[in-house]
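Here is structure_9.cif, consisting of mmCIF, C-alpha atoms:
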data_structure
#
loop_
_atom_site.label_atom_id
_atom_site.label_comp_id
_atom_site.auth_asym_id
_atom_site.auth_seq_id
_atom_site.Cartn_x
_atom_site.Cartn_y
_atom_site.Cartn_z
CA MET A 1 0.57 -29.04 39.62
CA PRO A 2 2.74 -26.09 40.67
CA ALA A 3 2.95 -25.29 44.37
CA PHE A 4 1.76 -21.91 45.62
CA ALA A 5 5.16 -20.33 46.17
CA THR A 6 4.26 -16.64 46.18
CA THR A 7 1.36 -14.34 46.77
CA SER A 8 2.34 -11.83 44.08
CA ALA A 9 1.27 -11.87 40.44
CA LEU A 10 3.88 -13.34 38.14
CA PRO A 11 4.15 -12.72 34.39
CA ARG A 12 3.37 -15.90 32.45
CA GLN A 13 5.09 -15.68 29.10
CA GLU A 14 4.26 -19.26 28.17
CA LEU A 15 0.54 -18.58 28.78
CA ALA A 16 0.70 -15.33 26.82
CA LEU A 17 2.16 -17.24 23.88
CA ALA A 18 -0.78 -19.63 24.13
CA VAL A 19 -3.08 -16.61 23.84
CA VAL A 20 -1.34 -15.34 20.71
CA GLU A 21 -1.32 -18.81 19.14
CA GLY A 22 -4.99 -19.19 20.09
CA GLU A 23 -5.88 -15.97 18.26
CA ASN A 24 -4.27 -17.29 15.10
CA GLN A 25 -6.39 -20.44 15.29
CA VAL A 26 -9.76 -18.68 15.45
CA PRO A 27 -11.46 -19.02 12.04
CA ASN A 28 -13.29 -16.32 10.08
CA LEU A 29 -11.59 -13.33 11.73
CA ILE A 30 -10.95 -10.37 9.43
CA GLY A 31 -10.52 -7.35 11.72
CA GLU A 32 -6.75 -6.94 11.64
CA LYS A 33 -6.76 -7.27 7.85
CA ILE A 34 -8.60 -3.94 7.90
CA LEU A 35 -7.01 -2.22 10.90
CA GLY A 36 -3.47 -3.54 11.15
CA PRO A 37 -1.74 -3.68 14.56
CA LEU A 38 0.23 -0.61 15.67
CA PRO A 39 2.22 -0.75 18.95
CA ILE A 40 2.79 2.41 20.97
CA THR A 41 5.03 2.74 24.02
CA TRP A 42 2.78 5.06 26.03
CA ARG A 43 -0.85 4.80 27.03
CA ASN A 44 -1.45 8.27 25.61
CA ALA A 45 -0.11 8.84 22.11
CA HIS A 46 0.15 11.83 19.80
CA LEU A 47 -0.40 11.30 16.07
CA VAL A 48 0.66 13.42 13.14
CA LYS A 49 -1.95 13.13 10.38
CA ALA A 50 -0.96 13.81 6.78
CA THR A 51 -4.55 13.86 5.54
CA LEU A 52 -5.77 15.18 2.24
CA ALA A 53 -7.10 18.40 3.75
CA ASP A 54 -4.10 19.04 5.98
CA SER A 55 -1.15 18.21 3.72
CA LEU A 56 -2.04 19.89 0.40
CA GLY A 57 -2.90 16.56 -1.23
CA LEU A 58 -4.18 16.37 -4.83
CA ARG A 59 -3.48 20.05 -5.51
CA ASP A 60 -2.67 21.41 -8.95
CA ILE A 61 -1.40 24.75 -10.22
CA SER A 62 -3.26 25.01 -13.51
CA ALA A 63 -5.33 28.06 -12.45
CA ASP A 64 -4.35 31.47 -13.83
CA LYS A 65 -3.31 32.75 -10.40
CA TYR A 66 -0.31 30.44 -10.51
CA ILE A 67 1.05 31.92 -13.74
CA HIS A 68 4.33 33.60 -12.87
CA ALA A 69 5.19 36.95 -14.35
CA PRO A 70 8.86 38.02 -14.41
CA GLY A 71 9.76 39.77 -11.17
CA ALA A 72 6.45 38.99 -9.49
CA SER A 73 5.96 36.96 -6.32
CA PHE A 74 4.93 33.35 -6.64
CA SER A 75 1.56 32.23 -5.35
CA ARG A 76 2.21 30.51 -2.05
CA LEU A 77 0.74 27.60 -0.12
CA THR A 78 1.59 26.77 3.48
CA ALA A 79 2.72 23.31 4.57
CA THR A 80 0.60 21.92 7.40
CA PHE A 81 -0.13 18.69 9.20
CA GLY A 82 -3.15 17.68 11.23
CA GLU A 83 -2.72 16.37 14.75
CA ALA A 84 -4.62 13.98 16.96
CA THR A 85 -4.23 12.26 20.30
CA LEU A 86 -5.48 8.88 21.43
CA THR A 87 -5.55 6.93 24.66
CA VAL A 88 -5.61 3.15 24.65
CA THR A 89 -8.22 1.43 26.79
CA PRO A 90 -6.80 -1.17 29.20
CA ARG A 91 -9.23 -3.97 29.94
CA GLY A 92 -8.90 -7.37 31.55
CA VAL A 93 -10.53 -10.44 33.03
CA GLU A 94 -9.61 -13.19 35.46
CA ILE A 95 -10.39 -16.90 35.55
CA ALA A 96 -10.20 -18.77 38.84
CA VAL A 97 -8.89 -22.32 38.38
CA PRO A 98 -9.60 -24.32 41.58
CA ASN A 99 -6.76 -26.44 42.87
CA GLU A 100 -9.13 -29.43 42.93
CA LEU A 101 -9.79 -29.03 39.19
CA MET A 102 -6.07 -29.04 38.41
CA LEU A 103 -5.65 -32.17 40.55
CA ASP A 104 -8.62 -33.92 38.91
CA TYR A 105 -7.12 -33.53 35.43
CA ARG A 106 -3.40 -33.53 36.20
CA ASN A 107 -2.83 -36.80 34.36
CA ARG A 108 -4.91 -35.83 31.30
CA PHE A 109 -3.97 -32.28 30.31
CA ASP A 110 -2.66 -28.97 31.60
CA VAL A 111 -5.71 -27.10 32.90
CA MET A 112 -3.84 -23.77 33.04
CA ALA A 113 -2.72 -24.05 29.41
CA PHE A 114 -6.26 -25.05 28.37
CA PHE A 115 -7.87 -21.94 29.84
CA SER A 116 -5.05 -19.75 28.55
CA ALA A 117 -5.81 -21.04 25.07
CA ARG A 118 -9.45 -20.15 25.76
CA PHE A 119 -8.26 -16.63 26.46
CA GLY A 120 -6.82 -16.56 22.97
CA ASN A 121 -9.67 -18.33 21.23
CA GLN A 122 -12.66 -16.80 22.95
CA PHE A 123 -11.51 -13.70 24.78
CA SER A 124 -8.71 -11.71 23.20
CA ALA A 125 -9.29 -12.59 19.54
CA LEU A 126 -13.04 -12.02 19.64
CA THR A 127 -12.62 -8.87 21.73
CA LYS A 128 -10.32 -7.35 19.10
CA GLU A 129 -12.66 -8.46 16.32
CA ARG A 130 -15.74 -6.92 17.99
CA LEU A 131 -13.94 -3.66 18.73
CA ILE A 132 -12.76 -3.38 15.14
CA ALA A 133 -16.19 -4.28 13.71
CA ALA A 134 -17.78 -1.60 15.90
CA GLN A 135 -15.53 1.02 14.32
CA ILE A 136 -15.80 -0.23 10.73
CA PHE A 137 -19.61 -0.65 10.68
CA ASN A 138 -20.09 2.77 12.28
CA THR A 139 -21.93 5.45 10.33
CA SER A 140 -20.45 8.10 12.62
CA ASN A 141 -17.12 7.25 11.00
CA PHE A 142 -18.26 6.49 7.45
CA SER A 143 -21.13 7.56 5.25
CA ALA A 144 -23.78 4.98 4.40
CA THR A 145 -25.38 4.66 0.97
CA ASN A 146 -28.35 2.35 0.46
CA SER A 147 -27.87 -0.59 -1.87
CA THR A 148 -29.60 -0.19 -5.21
CA VAL A 149 -31.81 -3.18 -4.41
CA ALA A 150 -32.52 -4.50 -0.91
CA TYR A 151 -30.53 -7.65 -0.10
CA THR A 152 -33.57 -9.80 0.65
CA ALA A 153 -34.36 -13.38 -0.28
CA ALA A 154 -37.21 -12.13 -2.47
CA ASN A 155 -34.72 -10.07 -4.52
CA LEU A 156 -32.28 -12.84 -5.40
CA SER A 157 -32.89 -12.18 -9.08
CA SER A 158 -32.04 -8.49 -8.86
CA ILE A 159 -29.58 -7.85 -6.00
CA SER A 160 -27.02 -5.47 -7.49
CA PHE A 161 -23.93 -6.34 -5.43
CA ILE A 162 -21.46 -5.74 -8.26
CA SER A 163 -22.93 -2.34 -9.10
CA ASP A 164 -22.97 -1.40 -5.42
CA MET A 165 -19.29 -2.31 -5.07
CA ILE A 166 -18.27 -0.37 -8.18
CA ALA A 167 -20.23 2.65 -6.96
CA ALA A 168 -18.54 2.45 -3.54
CA ALA A 169 -15.12 2.38 -5.21
CA ARG A 170 -16.09 5.46 -7.22
CA ARG A 171 -17.11 7.29 -4.02
CA LEU A 172 -13.68 6.60 -2.54
CA LYS A 173 -11.87 7.79 -5.64
CA ALA A 174 -13.98 10.96 -5.62
CA ALA A 175 -12.95 11.47 -1.98
CA GLY A 176 -9.29 11.42 -2.99
CA GLU A 177 -8.61 7.85 -1.84
CA PRO A 178 -7.38 5.70 -4.75
CA PRO A 179 -7.08 1.87 -4.59
CA PRO A 180 -6.25 -0.65 -3.23
CA TYR A 181 -9.64 -1.45 -1.66
CA VAL A 182 -10.99 -4.29 0.44
CA ALA A 183 -14.58 -5.11 1.30
CA ALA A 184 -15.82 -6.44 4.66
CA ILE A 185 -19.00 -8.52 4.49
CA SER A 186 -20.80 -10.68 7.04
CA GLY A 187 -21.23 -14.38 6.36
CA PRO A 188 -25.02 -14.27 5.81
CA VAL A 189 -24.79 -11.27 3.47
CA TRP A 190 -22.09 -13.02 1.44
CA GLU A 191 -24.24 -16.15 1.18
CA ARG A 192 -27.07 -14.06 -0.21
CA VAL A 193 -24.78 -12.17 -2.58
CA ARG A 194 -23.34 -15.39 -3.94
CA GLN A 195 -26.81 -16.79 -4.68
CA ALA A 196 -27.90 -13.65 -6.51
CA ALA A 197 -28.52 -14.19 -10.22
CA THR A 198 -26.78 -10.93 -11.10
CA THR A 199 -23.62 -12.02 -9.27
CA GLN A 200 -23.65 -15.35 -11.08
CA ALA A 201 -24.13 -13.65 -14.43
CA TRP A 202 -21.34 -11.14 -13.83
CA ALA A 203 -18.65 -13.24 -12.18
CA ALA A 204 -19.21 -16.63 -13.74
CA GLY A 205 -21.23 -16.01 -16.85
CA THR A 206 -18.95 -13.41 -18.41
CA LEU A 207 -15.62 -14.83 -17.30
CA ASN A 208 -16.12 -18.57 -17.17
CA PRO A 209 -19.59 -19.79 -18.20
CA GLY A 210 -20.88 -22.67 -16.12
CA SER A 211 -18.63 -21.97 -13.14
CA GLN A 212 -19.82 -21.17 -9.64
CA ALA A 213 -19.67 -17.54 -8.52
CA ASP A 214 -17.33 -18.33 -5.64
CA LEU A 215 -15.19 -15.81 -3.81
CA SER A 216 -12.21 -16.03 -6.15
CA PHE A 217 -14.37 -15.47 -9.25
CA VAL A 218 -16.19 -12.51 -7.72
CA LEU A 219 -12.95 -10.93 -6.53
CA ASN A 220 -11.28 -11.48 -9.89
CA SER A 221 -14.16 -9.72 -11.62
CA LEU A 222 -13.71 -6.68 -9.36
CA LYS A 223 -9.93 -6.36 -9.52
CA GLN A 224 -10.03 -3.90 -12.39
CA PHE A 225 -12.00 -1.55 -10.11
CA GLY A 226 -9.27 -1.59 -7.46
CA PHE A 227 -10.37 -4.42 -5.18
CA VAL A 228 -7.64 -6.66 -3.79
CA ASP A 229 -9.67 -8.66 -1.27
CA ILE A 230 -13.19 -9.47 -0.14
CA LEU A 231 -13.16 -10.31 3.59
CA ILE A 232 -15.93 -12.52 4.94
CA GLY A 233 -16.46 -11.94 8.66
CA ASP A 234 -18.28 -15.02 9.90
CA SER A 235 -17.40 -15.32 13.59
CA TYR A 236 -19.78 -15.47 16.56
CA TYR A 237 -19.43 -14.51 20.22
CA ASN A 238 -21.27 -15.71 23.31
CA ALA A 239 -23.21 -12.88 24.96
CA GLY A 240 -24.77 -15.18 27.57
CA ALA A 241 -24.09 -15.04 31.28
CA ASP A 242 -21.81 -17.61 32.94
CA GLY A 243 -23.20 -21.06 32.27
CA ALA A 244 -25.47 -19.86 29.45
CA VAL A 245 -25.10 -19.66 25.69
CA SER A 246 -26.41 -16.79 23.57
CA LEU A 247 -24.52 -16.54 20.30
CA SER A 248 -24.49 -13.42 18.14
CA GLN A 249 -22.67 -12.44 14.96
CA VAL A 250 -19.63 -10.23 15.34
CA TRP A 251 -20.17 -8.61 11.93
CA SER A 252 -23.66 -7.21 11.31
CA ASN A 253 -25.76 -7.90 8.22
CA THR A 254 -26.67 -4.21 8.06
CA TYR A 255 -23.62 -2.96 6.15
CA ILE A 256 -20.87 -3.80 3.71
CA TRP A 257 -17.73 -1.75 4.26
CA VAL A 258 -15.47 -0.78 1.37
CA GLY A 259 -12.21 1.06 1.91
CA LYS A 260 -8.44 1.18 2.13
CA PRO A 261 -7.01 -1.17 4.76
CA GLY A 262 -4.84 0.43 7.40
CA MET A 263 -1.15 -0.33 7.13
CA THR A 264 1.78 0.91 9.16
CA ALA A 265 5.23 1.68 7.82
CA MET A 266 8.15 3.09 9.75
CA GLY A 267 9.52 6.40 8.61
CA ALA A 268 13.18 7.13 8.02
CA GLY A 269 15.56 6.48 10.88
CA GLU A 270 17.10 9.06 13.17
CA SER A 271 18.32 12.07 11.23
CA ALA A 272 21.41 14.21 11.69
CA ALA A 273 19.14 16.98 12.95
CA GLY A 274 18.02 14.81 15.83
CA GLY A 275 14.66 13.69 14.46
CA VAL A 276 13.39 10.21 15.21
CA SER A 277 11.46 7.77 13.10
CA VAL A 278 7.70 7.65 13.65
CA PRO A 279 5.03 5.29 12.37
CA GLN A 280 3.42 6.44 9.15
CA LEU A 281 -0.18 5.31 8.80
CA THR A 282 -1.83 4.75 5.46
CA GLY A 283 -5.40 3.75 4.81
CA VAL A 284 -8.25 3.90 7.26
CA GLY A 285 -6.46 3.47 10.59
CA ALA A 286 -4.88 0.94 12.93
CA ASN A 287 -5.52 -1.40 15.84
CA VAL A 288 -3.40 0.50 18.36
CA PHE A 289 -2.09 -1.27 21.46
CA TRP A 290 0.15 -0.39 24.38
CA GLU A 291 3.32 -2.35 23.78
CA GLY A 292 4.65 -3.89 26.96
CA TYR A 293 1.52 -3.39 29.09
CA THR A 294 2.87 -5.44 31.99
CA PRO A 295 2.72 -5.77 35.80
CA GLY A 296 0.88 -2.89 37.44
CA GLY A 297 0.32 -1.18 34.11
CA VAL A 298 4.01 -0.24 33.88
CA THR A 299 5.53 -0.68 30.44
CA SER A 300 8.20 -3.34 30.20
CA VAL A 301 10.85 -0.84 29.08
CA ASP A 302 10.47 0.84 32.47
CA LYS A 303 10.41 -2.34 34.56
CA ARG A 304 12.57 -4.62 32.49
CA VAL A 305 15.18 -6.75 34.21
CA GLU A 306 17.05 -8.61 31.51
CA GLY A 307 17.27 -12.35 32.01
CA THR A 308 14.43 -12.45 34.54
CA ALA A 309 10.70 -13.09 34.34
CA TYR A 310 10.19 -9.39 33.68
CA ASP A 311 12.20 -9.55 30.45
CA PHE A 312 8.97 -9.85 28.52
CA SER A 313 6.62 -7.70 26.50
CA GLY A 314 3.14 -9.04 25.74
CA ALA A 315 2.61 -9.58 22.03
CA GLY A 316 -0.35 -7.99 20.27
CA GLY A 317 -1.38 -5.99 23.32
CA ASN A 318 -1.89 -9.10 25.48
CA TYR A 319 -0.30 -9.68 28.85
CA VAL A 320 -0.94 -12.72 31.05
CA GLU A 321 -0.06 -13.19 34.68
CA SER A 322 -1.15 -15.53 37.46
CA TYR A 323 -1.30 -15.49 41.23
CA PRO A 324 -2.60 -17.84 43.95
CA GLU A 325 -5.76 -17.04 45.88
CA LEU A 326 -5.32 -18.90 49.14
CA GLN A 327 -8.80 -18.31 50.56
CA THR A 328 -10.38 -20.19 47.63
CA ASP A 329 -7.44 -22.57 47.05
CA SER A 330 -7.32 -21.46 43.41
CA GLU A 331 -4.84 -20.21 40.87
CA ILE A 332 -6.00 -17.00 39.22
CA ILE A 333 -5.13 -16.35 35.59
CA ARG A 334 -5.43 -12.73 34.53
CA ILE A 335 -5.25 -11.40 31.01
CA LYS A 336 -4.79 -7.70 30.30
CA MET A 337 -5.48 -6.12 26.93
CA SER A 338 -4.91 -2.61 25.68
CA ASN A 339 -6.16 -2.63 22.09
CA LYS A 340 -7.98 0.42 20.75
CA PRO A 341 -9.03 0.21 17.09
CA THR A 342 -8.66 3.76 15.82
CA ILE A 343 -9.99 5.37 12.64
CA THR A 344 -7.47 7.99 11.53
CA ASN A 345 -8.88 8.73 8.06
CA THR A 346 -12.65 8.65 7.64
CA ARG A 347 -12.30 9.49 3.93
CA ALA A 348 -10.70 6.09 3.35
CA GLY A 349 -13.91 4.12 3.82
CA THR A 350 -17.57 4.02 2.91
CA THR A 351 -20.45 1.67 3.71
CA ILE A 352 -23.27 0.14 1.73
CA ALA A 353 -26.50 -0.20 3.72
CA THR A 354 -27.67 -3.62 2.55
CA GLN A 355 -31.33 -3.34 3.68
CA TYR A 356 -30.90 -7.02 4.56
CA SER A 357 -33.83 -8.98 5.89
#
Once more with this new file: its structure as structure tokens, please.
Amino acid sequence: MPAFATTSALPRQELALAVVEGENQVPNLIGEKILGPLPITWRNAHLVKATLADSLGLRDISADKYIHAPGASFSRLTATFGEATLTVTPRGVEIAVPNELMLDYRNRFDVMAFFSARFGNQFSALTKERLIAAQIFNTSNFSATNSTVAYTAANLSSISFISDMIAAARRLKAAGEPPPYVAAISGPVWERVRQAATTQAWAAGTLNPGSQADLSFVLNSLKQFGFVDILIGDSYYNAGADGAVSLSQVWSNTYIWVGKPGMTAMGAGESAAGGVSVPQLTGVGANVFWEGYTPGGVTSVDKRVEGTAYDFSGAGGNYVESYPELQTDSEIIRIKMSNKPTITNTRAGTTIATQYS
């Protein structure tokens, strides 16, 4: 058990790594497959948006006004970009680990590492997942179209999941957002979809008679319509107070989301004219986080001392530090997060209201 050698908070890189590893071990998480991670170096960021409306996308010059007569001026369009700003939302929590608890279990396992892994498994990973789900299943961001048939147990013979998915893909194409597409579905809705007779007939009956309509068969049957993945969100979180358990689904049964996953690519490097490379977002958006959110909220690039404990930048928007609390004879573990799932292109997604019950 480490001695209390200081009263200041110290960065704990080894505990932060436990958090990141813990996130990767949580099953049934799909959020960052929809909104990929995007680090920024400032809490407030400015985005350049090359959206369909702003950047002259999908234009053509077949109209008569574009016909050029000798000596006449050409019809002219003006190049524009949209702009947006965002501010990440720092959040955090502490766990007090009594000295007596560490002594009780010192010969069995590392109590500090155990609770740091809990941060990853049941704090940071589920927090990111819930924040992303709240943005994806949000009809303020995306339009909602009722399913052709309500996804109820009584309608297992007629649920029209395949038709609903094809129609959603058509809505995206008509909005100027071509494939690839992914779908996000809760576990219970997927279970109902898989049992539906129409799904069985489409995925298994036409492609491989006698086979089960499992995920791979259903996805394979939808690939020609632009689908590259069907994501099943089947995680739960505990909404109960300390010492109580009240589990709820992260992903609601109310909607199925269909859209273009957010991906980040870096633009060209620094140019001779002095320009710098900037992230280029495609798809629906990104899970933005403040890279290097470290002691006192100061980014690591501003407080970095190479070769010391401060030579560290929290991965994935997570930062972990610890400090002793002498009045309670405890070691305090603190995790800070700065993730803000951000929708940058509302045209790149649509939802199906399942009418589930």
(request) Pull out every residue that the PyMOL selection byres ((chain A and resi 254) around 6) matches in the shown coordinates and put them as a ChimeraX atom specification. (result) /A:252-253,255,353-354
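Of note, CA of Leu77 (chain A) and CA of Leu56 (chain A) are spaced 8.2 Å apart.
Once the PyMOL selection byres ((chain A and resi 129) around 8) is applied to the depicted file, the selected set reads Leu29, Ile30, Gly31, Glu32, Ala125, Leu126, Thr127, Lys128, Arg130, Leu131, Ile132, Ala133 and Val250 of chain A.
CA of Ala168 (chain A) lies 10.1 Å from CA of Phe225 (chain A).
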(request) List, as a list in words, every residue that the PyMOL selection byres ((chain A and resi 230) around 9) selects in the file provided. (result)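 Against this file, the PyMOL selection byres ((chain A and resi 230) around 9) returns the residues Tyr181, Val182, Ala183, Ala184, Ile185, Leu215, Ser216, Val218, Leu219, Phe227, Val228, Asp229, Leu231 and Ile232 of chain A.
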(request) List the neighbours of Leu35 (chain A) out to 8 Å using only C-alpha atoms; skip same-chain residues closer than 6 positions along the sequence, and give me the result as a list of chain:residue names. (result)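 Surrounding residues, per the criterion: A:Ile132, A:Pro261, A:Gly262, A:Met263, A:Val284, A:Gly285, A:Ala286, A:Asn287, A:Pro341, A:Thr342.
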(message) Between A:Val48, A:Met112, A:Ile67, A:Val258, which residue has the minimum interatomic distance to Arg334 (chain A), considering only C-alpha atoms?
(response)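 For Arg334 (chain A), the nearest of the given residues is A:Met112.
Of the residues under consideration (A:Gly240, A:Glu325, A:Ile162, A:Ile256), A:Ile162 shows the shortest atom-to-atom contact distance to Asn220 (chain A) when counting all atoms listed in the file.
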(message) Taking all atoms listed in the file into account, name the residue in A:Ala96, A:Gly36, A:Leu326, A:Phe217 that is nearest to Lys260 (chain A).
(response)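 Nearest to Lys260 (chain A): A:Gly36.
Minimum distance to Gly259 (chain A) across A:Ala348, A:Ile335, A:Leu58, A:Ala174 (counting only C-alpha atoms) occurs at A:Ala348.
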(request) Choose the residue, out of A:Glu100, A:Glu291, A:Glu191, A:Asp234, that has the smallest atom-to-atom separation from Val88 (chain A); count all atoms listed in the file. (result) A:Glu291
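Closest approach to Pro188 (chain A) among A:Met337, A:Ile343, A:Ala153, A:Ala72: A:Ala153, based on only C-alpha atoms.
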(request) Grab the CA of Thr198 (chain A) to CA of Arg171 (chain A) distance for me, in Å with one decimal place. (result) 21.8 Å
(message) Counting only C-alpha atoms, I want the residues whose atoms come within 10 Å of (-4.3, -25.7, 33.1) in the file frame, returned as a list of chain:residue names.
(response) A:Met1, A:Leu15, A:Val97, A:Leu101, A:Met102, A:Leu103, A:Tyr105, A:Arg106, A:Phe109, A:Asp110, A:Val111, A:Met112, A:Ala113, A:Phe114, A:Phe115, A:Ser116, A:Ala117, A:Glu331, A:Ile333
(message) Residues within 7 Å of Ala9 (chain A), please, as a list of chain:residue names. Count all atoms listed in the file; anything in the same chain fewer than 2 positions from it doesn't count.
(response) A:Thr7, A:Pro11, A:Glu321, A:Ser322, A:Tyr323
(request) Write out as an MDAnalysis selection string each polymer residue whose atoms come within 9 Å of Val149 (chain A), counting all atoms listed in the file; drop sequence neighbours fewer than 5 positions from it. (result) chainID A and resid 155 158:161 354:355
Return region 211-237 of chain A, completed with N, CA and C atoms, as a PDB file, in the coordinates of the input.
ATOM      1  N   SER A 211     -19.323 -21.899 -14.419  1.00  0.00           N
ATOM      2  CA  SER A 211     -18.630 -21.970 -13.140  1.00  0.00           C
ATOM      3  C   SER A 211     -19.473 -21.359 -12.030  1.00  0.00           C
ATOM      4  N   GLN A 212     -19.156 -21.750 -10.807  1.00  0.00           N
ATOM      5  CA  GLN A 212     -19.820 -21.170  -9.640  1.00  0.00           C
ATOM      6  C   GLN A 212     -19.265 -19.782  -9.358  1.00  0.00           C
ATOM      7  N   ALA A 213     -20.105 -18.895  -8.886  1.00  0.00           N
ATOM      8  CA  ALA A 213     -19.670 -17.540  -8.520  1.00  0.00           C
ATOM      9  C   ALA A 213     -19.084 -17.584  -7.120  1.00  0.00           C
ATOM     10  N   ASP A 214     -17.943 -18.259  -6.958  1.00  0.00           N
ATOM     11  CA  ASP A 214     -17.330 -18.330  -5.640  1.00  0.00           C
ATOM     12  C   ASP A 214     -16.509 -17.070  -5.388  1.00  0.00           C
ATOM     13  N   LEU A 215     -15.875 -17.023  -4.223  1.00  0.00           N
ATOM     14  CA  LEU A 215     -15.190 -15.810  -3.810  1.00  0.00           C
ATOM     15  C   LEU A 215     -14.099 -15.402  -4.784  1.00  0.00           C
ATOM     16  N   SER A 216     -13.319 -16.371  -5.257  1.00  0.00           N
ATOM     17  CA  SER A 216     -12.210 -16.030  -6.150  1.00  0.00           C
ATOM     18  C   SER A 216     -12.713 -15.458  -7.465  1.00  0.00           C
ATOM     19  N   PHE A 217     -13.821 -15.992  -8.005  1.00  0.00           N
ATOM     20  CA  PHE A 217     -14.370 -15.470  -9.250  1.00  0.00           C
ATOM     21  C   PHE A 217     -14.917 -14.055  -9.066  1.00  0.00           C
ATOM     22  N   VAL A 218     -15.630 -13.845  -7.965  1.00  0.00           N
ATOM     23  CA  VAL A 218     -16.190 -12.510  -7.720  1.00  0.00           C
ATOM     24  C   VAL A 218     -15.072 -11.497  -7.541  1.00  0.00           C
ATOM     25  N   LEU A 219     -14.058 -11.849  -6.742  1.00  0.00           N
ATOM     26  CA  LEU A 219     -12.950 -10.930  -6.530  1.00  0.00           C
ATOM     27  C   LEU A 219     -12.216 -10.643  -7.836  1.00  0.00           C
ATOM     28  N   ASN A 220     -11.977 -11.679  -8.624  1.00  0.00           N
ATOM     29  CA  ASN A 220     -11.280 -11.480  -9.890  1.00  0.00           C
ATOM     30  C   ASN A 220     -12.036 -10.532 -10.815  1.00  0.00           C
ATOM     31  N   SER A 221     -13.364 -10.594 -10.761  1.00  0.00           N
ATOM     32  CA  SER A 221     -14.160  -9.720 -11.620  1.00  0.00           C
ATOM     33  C   SER A 221     -14.152  -8.278 -11.158  1.00  0.00           C
ATOM     34  N   LEU A 222     -13.729  -8.039  -9.900  1.00  0.00           N
ATOM     35  CA  LEU A 222     -13.710  -6.680  -9.360  1.00  0.00           C
ATOM     36  C   LEU A 222     -12.316  -6.078  -9.278  1.00  0.00           C
ATOM     37  N   LYS A 223     -11.298  -6.850  -9.648  1.00  0.00           N
ATOM     38  CA  LYS A 223      -9.930  -6.360  -9.520  1.00  0.00           C
ATOM     39  C   LYS A 223      -9.674  -5.125 -10.358  1.00  0.00           C
ATOM     40  N   GLN A 224     -10.276  -5.057 -11.528  1.00  0.00           N
ATOM     41  CA  GLN A 224     -10.030  -3.900 -12.390  1.00  0.00           C
ATOM     42  C   GLN A 224     -10.604  -2.610 -11.793  1.00  0.00           C
ATOM     43  N   PHE A 225     -11.448  -2.729 -10.772  1.00  0.00           N
ATOM     44  CA  PHE A 225     -12.000  -1.550 -10.110  1.00  0.00           C
ATOM     45  C   PHE A 225     -11.246  -1.209  -8.828  1.00  0.00           C
ATOM     46  N   GLY A 226     -10.134  -1.907  -8.585  1.00  0.00           N
ATOM     47  CA  GLY A 226      -9.270  -1.590  -7.460  1.00  0.00           C
ATOM     48  C   GLY A 226      -9.374  -2.494  -6.264  1.00  0.00           C
ATOM     49  N   PHE A 227     -10.193  -3.538  -6.332  1.00  0.00           N
ATOM     50  CA  PHE A 227     -10.370  -4.420  -5.180  1.00  0.00           C
ATOM     51  C   PHE A 227      -9.270  -5.485  -5.147  1.00  0.00           C
ATOM     52  N   VAL A 228      -8.681  -5.653  -3.971  1.00  0.00           N
ATOM     53  CA  VAL A 228      -7.640  -6.660  -3.790  1.00  0.00           C
ATOM     54  C   VAL A 228      -8.097  -7.789  -2.866  1.00  0.00           C
ATOM     55  N   ASP A 229      -9.195  -7.599  -2.155  1.00  0.00           N
ATOM     56  CA  ASP A 229      -9.670  -8.660  -1.270  1.00  0.00           C
ATOM     57  C   ASP A 229     -11.131  -8.413  -0.894  1.00  0.00           C
ATOM     58  N   ILE A 230     -11.854  -9.500  -0.704  1.00  0.00           N
ATOM     59  CA  ILE A 230     -13.190  -9.470  -0.140  1.00  0.00           C
ATOM     60  C   ILE A 230     -13.125 -10.305   1.140  1.00  0.00           C
ATOM     61  N   LEU A 231     -13.320  -9.671   2.290  1.00  0.00           N
ATOM     62  CA  LEU A 231     -13.160 -10.310   3.590  1.00  0.00           C
ATOM     63  C   LEU A 231     -14.520 -10.715   4.131  1.00  0.00           C
ATOM     64  N   ILE A 232     -14.664 -11.997   4.424  1.00  0.00           N
ATOM     65  CA  ILE A 232     -15.930 -12.520   4.940  1.00  0.00           C
ATOM     66  C   ILE A 232     -15.808 -12.704   6.446  1.00  0.00           C
ATOM     67  N   GLY A 233     -16.462 -11.826   7.202  1.00  0.00           N
ATOM     68  CA  GLY A 233     -16.460 -11.940   8.660  1.00  0.00           C
ATOM     69  C   GLY A 233     -17.589 -12.845   9.108  1.00  0.00           C
ATOM     70  N   ASP A 234     -17.243 -14.030   9.588  1.00  0.00           N
ATOM     71  CA  ASP A 234     -18.280 -15.020   9.900  1.00  0.00           C
ATOM     72  C   ASP A 234     -18.086 -15.632  11.273  1.00  0.00           C
ATOM     73  N   SER A 235     -17.615 -14.830  12.227  1.00  0.00           N
ATOM     74  CA  SER A 235     -17.400 -15.320  13.590  1.00  0.00           C
ATOM     75  C   SER A 235     -18.565 -14.943  14.491  1.00  0.00           C
ATOM     76  N   TYR A 236     -18.712 -15.686  15.573  1.00  0.00           N
ATOM     77  CA  TYR A 236     -19.780 -15.470  16.560  1.00  0.00           C
ATOM     78  C   TYR A 236     -19.154 -15.323  17.940  1.00  0.00           C
ATOM     79  N   TYR A 237     -19.862 -14.621  18.828  1.00  0.00           N
ATOM     80  CA  TYR A 237     -19.430 -14.510  20.220  1.00  0.00           C
ATOM     81  C   TYR A 237     -20.597 -14.871  21.122  1.00  0.00           C
TER      82      TYR A 237
END
